[in-house]
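Engineer: Got a structure for you, questions after.
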Amino acid sequence: MTVDATLKANGSAPSGKRQRIINCVRQLPYQIQLGETNDDWKIQPIIGNSSLYSSLDYLNSDEKAKNYEQHVVGWTGEITREQDFASRLLASYSDKRKEGPDDIDDDPLYLTKEQMNGLTETIQQKNAQDGDTKISNVHPVWLLRRDQSRWRDYAENVLWPTFHYILKFSSEGGDKENKWWYDYVKFNEAYAMKIGEIYQKGDIIWIHDYYLLLLPQLLRMKFNDEDLVIAYFHHSPWPSNEYFRVLPRRKQILDGLVGANRICFQNDGFARHFVSSCKRLLESTSRKSKNALGIDQYEVGAYGGDVMVDSLPIGVNTKKILEDAFTTDIDAKVLAIKDAYEGKKIIIGRDSLDAVRGVVQKLRAFETFLAMYPEWRDKVVLIQVSSPPINRNSQQTIKLEQQVTELVNSINSKYGDLDFSPVQHYYMRIPKDVYFSLLRVADLCLITSVRDGMNTTALEYVTVKSHTSSYNCYGNPLILSEFSGSSTVLKDAIIVNPWDSVAVAKRINRALKMSKEEKFTLEKKIWSEVPTIQDWTDKFLTTLDDIIYRSSPSSKDNRITPALNRPVLLENYKQANRRLFLFDYDGTLTPIVRDPAAAIPSARLLSTLNNLAADPKNQIWIISGRDQKFLNKWLGSRLPQLGLSAEHGCFVKDINGGEWVNLTERFDMSWQVKVGKVMEDFTTRTPGSFLERKKVALTWHYRQASPELGEFHAIEMKKDLLKIAEEYDLEIMDGKANLEVRPRFVNKGEIVRRLVWHKHGTPQDMLDNSREELTKDEMPDFIFCLGDDLTDEDMFNQLNRIEGIWKKKYPDQVNQWKNFGFYPCTVGSASKKTVAKSHLTDPQQVLETLGLLVGSVSLFQSAGTVELDPRGHVKNSESSLKSEQATAEYVLKRQNSNTSLKKQGSSTSLNRQYPNTPLTLSRQNSSTSMNRQGSVNSIRGK
Ligand SMILES: O=P(O)(O)OC[C@H]1O[C@H](O[C@H]2O[C@H](CO)[C@@H](O)[C@H](O)[C@H]2O)[C@H](O)[C@@H](O)[C@@H]1O
Ligand SMILES: [Mg+2]
């Protein structure tokens, strides 16, 4: 068992043994800059994601470190050069759009291994020194390309909007989105690679948020370890399926995610949306129950086998907030603000200025409030701090900024005067102390987001308001949008619909008029609803433990078949010389449809098979339940280069012509009359069903009958057929909405046996059926076998058997992956019982995979485990080698020019002038216009 039993039972580890947790975050909690030399690292704490980083901090605390050994894997974020920050600063003063990750340095960062090690060490040392997030075992993910923000593109331009109900990406679409997707796949692969370097059996892998949706399945592929425990927490909202399903890569995303054992959301609503997406898009099943905490959970039977889906709202570090918010320095700030707005009620808001945080809705509601309640004019100020969003340069943000500016101006000109502006808008990131002073001074906090996962401002505000300070901090109310994830937690907040300005205005009036007693009662309730980050982390791990314990991984029934590792397949394919392809047809190369006659090969399939067959190293066989006529008509006549086997192994026809060989020639066929009679009888009793008579096999189809009646009669028919089957040694096969009967001694596995044990091209009528010998030059070194049905298990079984024999017989013939290049792969869900070693979800993925082999599909169309270099190129690829050379040249050049660089004083002098600028935050100096950055250290009124 992965998680130590003692740890589960009493929360403490037995002596010396700690549970390892690999926490995977989108970015390490630092902003990293490089000084003039490539060893001079500047590291600042990052702003945002405070809850997540608090959880890492907590797991690293002395209290938890007794039981857990935490490792943190995260991207370095965009690494900039120090002087470029200065030029950014310059640019920001000249009001040029130069902020945020998308305008980082154009200077490529060529770093040697030593320099990267240097950074890792610097981070560890930093942890030991200051009060920021402490994480001891840091494993940076390096992705140093010139345009480093590329790694964010798909997540931020496609996923984030979709998760927040914004259909923005559709306008970007096409090539751009493809490029973003490839980078997204690589980003996830870089993590898989990093985890591969540190993973130990028994580790828990805990993945966070939507930048890493493909990672769970990638890790399954990489480790193929049944004991592997992967948990995923989704910090953002999960939209209704109607929204989610517009994503072109929706299936790949779900497929990636359901590689996890557990997928957890901020609330049950998001979890239900996710389950519904799985049901509709992956045709998965789901079973609802309650977990140990009494929270609803769903067992989803999908591509990832039994995935547990549940919810657990994230919390904040209440203890630290209370410590940090009540210092003498902040006392002074609180007094200064109070003084500045003497006699006025203060409403505060702090949001990122993006489309979903509802700043516009807030301003509209405030305007309505002033219009409806003139008695408040002059007596209330709204201090709104809007931090610039990640993608500040997007058209949408620019429009939003304009809209906000107009609204602020309009309110201030209507309801303000020369001395006072009722809206004080600050468009900037504010430092923690200023933020806390605002929370403390506020009479009311107004949160009107139109969509968010969990609004930590709400939690932090309630936390601060739980404190009785000398400045009367206790109990002031919170107005909270019903669309914020926090509203499911802070049930006793004043919940509003932010789109209804009149209702919000009324609530503002009511909140400001509340008596002290009312506020106290409210705070008492709401404070008890604030989840702490410690509690959240503990509960997450305890409930994860329960999941791991219950789903006994040793049980074969729960086996999750990993997705096919396509990059490895491709690599093996490239290196192989005698490749054998063994393909089933229906449900594998073509999707299942109602009418068997309509399941004809697509043009894409034919051209892909044609390309594949063009390589003389390839031998392709279609091994199907279909009859000769069908296979001849749709495949053989068009692509004579294919070998064919019909009726589940009854007939074979060689590659490039020849006659069909009947392997059942000497078998007594009188059973057909008896079986046919039973089948006909059931056909008349089952409207919509029909009988397909082939040369040997007989198939009764009930796909077009009523599903219940069809299934019921299939069971009944099977009973009736058993006697005949015994008498004639027949096999009754449960197919996809069909029941088939054929002689037992022929099956698809037998065809596979014939093909593998004979040299490529040996004519079928000359085969020695009993032969199980091969010389080195006869052995296929790549066998890709695909099938979707029970009858295909015979092929997989046969391959597994042969592999076992080869291991003993030819141990020195293994390839670089220490195997013989066998890829038995089922098509369908990963939870399906199979002896195949991997799975592809559907015929579309099959085509993409074959396309990959013939070079018509990009490697990064879908995820697999690839070795990447620190710049994100595939290792040893042409671009990787070029980049390596460039690194060497660059390092040399830099060394030579180091002296002259030092002499360039202009930008570095700016750094000297603004030594702490990333944290020197400022006030927007006009309430009627939105300066991009100002520079005052405290907030003053009037
Ligand atoms: O071994 P296969 O190549 O997978 O063939 C298996 C059977 O496939 C056909 O039936 C199935 O596919 C039909 C078309 O999608 C579908 O309508 C039907 O419900 C399925 O059972 C075919 O008709 C059979 O002869 C094959 O044995
Ligand atoms: Mg099939």
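Every chain in the structure tokens takes a letter, A first, then B, and so on in the order presented; its residues are numbered from 1, and the ligands are numbered from 1 following the presented order.
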Could you list, as a VMD selection string, all protein and nucleic acid residues with an atom at most 8 Å from ligand 2, counting only C-alpha atoms and all ligand atoms?
Structural biologist: chain A and resid 584 to 588 624 to 625 787 to 789 791 to 792
Engineer: Taking only C-alpha atoms and all ligand atoms and a cut-off of 9 Å, can you tell me which residues surround ligand 1, written as a count of residues only?
Structural biologist: 50
Engineer: Let me make sure I understand: among A:Val441, A:Val827, A:Val73, A:Val380, which one has the smallest atom-to-atom distance to A:Leu847 if we use only C-alpha atoms?
Structural biologist: A:Val827
Engineer: Write down as a VMD selection string the residues belonging to stretch 694-769 of chain A that are assigned strand (DSSP E or B) by DSSP computed on the backbone.
Structural biologist: chain A and resid 698 to 701 730 to 735 738 to 743
Engineer: Grab the residues selected above and save them as a PDB file, in the first residue's frame with C-alpha atoms.
Structural biologist:
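Saved file part34.pdb follows:
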```
ATOM      1  CA  LEU A 698     -23.090 -16.124 -38.058  1.00  0.00           C
ATOM      2  CA  THR A 699     -23.768 -12.794 -36.374  1.00  0.00           C
ATOM      3  CA  TRP A 700     -26.965 -11.687 -34.731  1.00  0.00           C
ATOM      4  CA  HIS A 701     -27.157  -7.871 -34.468  1.00  0.00           C
ATOM      5  CA  LEU A 730     -18.006 -23.501 -31.318  1.00  0.00           C
ATOM      6  CA  GLU A 731     -17.298 -20.187 -29.677  1.00  0.00           C
ATOM      7  CA  ILE A 732     -20.102 -17.750 -28.863  1.00  0.00           C
ATOM      8  CA  MET A 733     -18.713 -14.245 -28.812  1.00  0.00           C
ATOM      9  CA  ASP A 734     -20.281 -11.183 -27.214  1.00  0.00           C
ATOM     10  CA  GLY A 735     -19.581  -8.363 -29.632  1.00  0.00           C
ATOM     11  CA  ASN A 738     -24.123  -8.488 -31.440  1.00  0.00           C
ATOM     12  CA  LEU A 739     -23.645 -12.174 -30.737  1.00  0.00           C
ATOM     13  CA  GLU A 740     -21.365 -14.119 -33.058  1.00  0.00           C
ATOM     14  CA  VAL A 741     -20.704 -17.821 -33.474  1.00  0.00           C
ATOM     15  CA  ARG A 742     -17.728 -19.504 -35.217  1.00  0.00           C
ATOM     16  CA  PRO A 743     -15.569 -22.637 -34.734  1.00  0.00           C
TER      17      PRO A 743
END
```
Engineer: Could you write out, as a list in words, all the residues of stretch 738-793 of chain A that DSSP marks as helix (DSSP H, G or I)?
Structural biologist: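 The residues of stretch 738-793 of chain A classed as helix (DSSP H, G or I) are Lys748, Gly749, Glu750, Ile751, Val752, Arg753, Arg754, Leu755, Val756, Gln764, Asp765, Met766, Leu790, Thr791, Asp792 and Glu793 of chain A.
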Engineer: In Å, with one decimal, what is the gap from atom CA of A:Thr456 to atom CA of A:Phe436?
Structural biologist: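 Taking atom CA of A:Thr456 as the start and atom CA of A:Phe436 as the end point, the length is 12.9 Å.
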Engineer: Please provide the set of residues having any atom within 12 Å of A:Ser54, restricted to only C-alpha atoms, with same-chain residues fewer than 6 positions apart removed, written as a compact mmCIF listing (two decimals) with C-alpha atoms, in the first residue's frame.
Structural biologist:
```txt
# COMPACT_ATOMS: atom_id res chain seq x y z
CA PRO A 29 6.42 30.87 -5.91
CA GLY A 48 -1.04 35.74 -6.36
CA ASN A 60 7.03 22.17 4.83
CA SER A 61 6.39 23.29 8.41
CA GLY A 131 9.54 34.56 5.71
CA ASP A 132 8.21 33.79 2.24
CA THR A 133 6.94 30.44 1.07
CA LYS A 134 9.30 27.80 2.33
CA ILE A 135 9.82 24.75 0.21
CA ILE A 314 -9.53 25.76 -0.45
CA GLY A 315 -8.81 27.94 2.55
CA VAL A 316 -6.41 30.62 3.67
CA ASN A 317 -3.74 30.76 6.32
CA THR A 318 -5.88 32.54 8.90
CA LYS A 319 -3.22 32.41 11.58
CA LYS A 320 -0.64 34.11 9.39
CA ILE A 321 -3.13 36.65 8.10
CA THR A 532 -8.10 27.29 6.82
CA ILE A 533 -5.34 26.18 4.51
CA GLN A 534 -4.07 23.80 7.17
CA ASP A 535 -7.46 22.16 7.40
CA TRP A 536 -7.79 21.99 3.64
CA THR A 537 -4.37 20.39 3.19
```
Engineer: Can you pull out the residues contacting A:Leu143? Cut-off 12 Å, using only C-alpha atoms, and skip same-chain residues under 5 positions away; I want them as a ChimeraX atom specification.
Structural biologist: /A:27,74-79,108-111,116,148-152,183-184,186-191,194,868-874
Engineer: Taking only C-alpha atoms into account, name the residue in A:Ser829, A:Ser486, A:Ser386, A:Ser394 that is nearest to A:Gln424.
Structural biologist: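 Ranking A:Ser829, A:Ser486, A:Ser386, A:Ser394 by distance to A:Gln424, first place goes to A:Ser386.
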Engineer: Determine the nearest neighbour of A:Lys338 from the options A:Asp538, A:Glu716, A:Asp443, A:Asp729, counting only C-alpha atoms.
Structural biologist: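 Between A:Asp538, A:Glu716, A:Asp443, A:Asp729, the residue approaching A:Lys338 most closely is A:Asp443.
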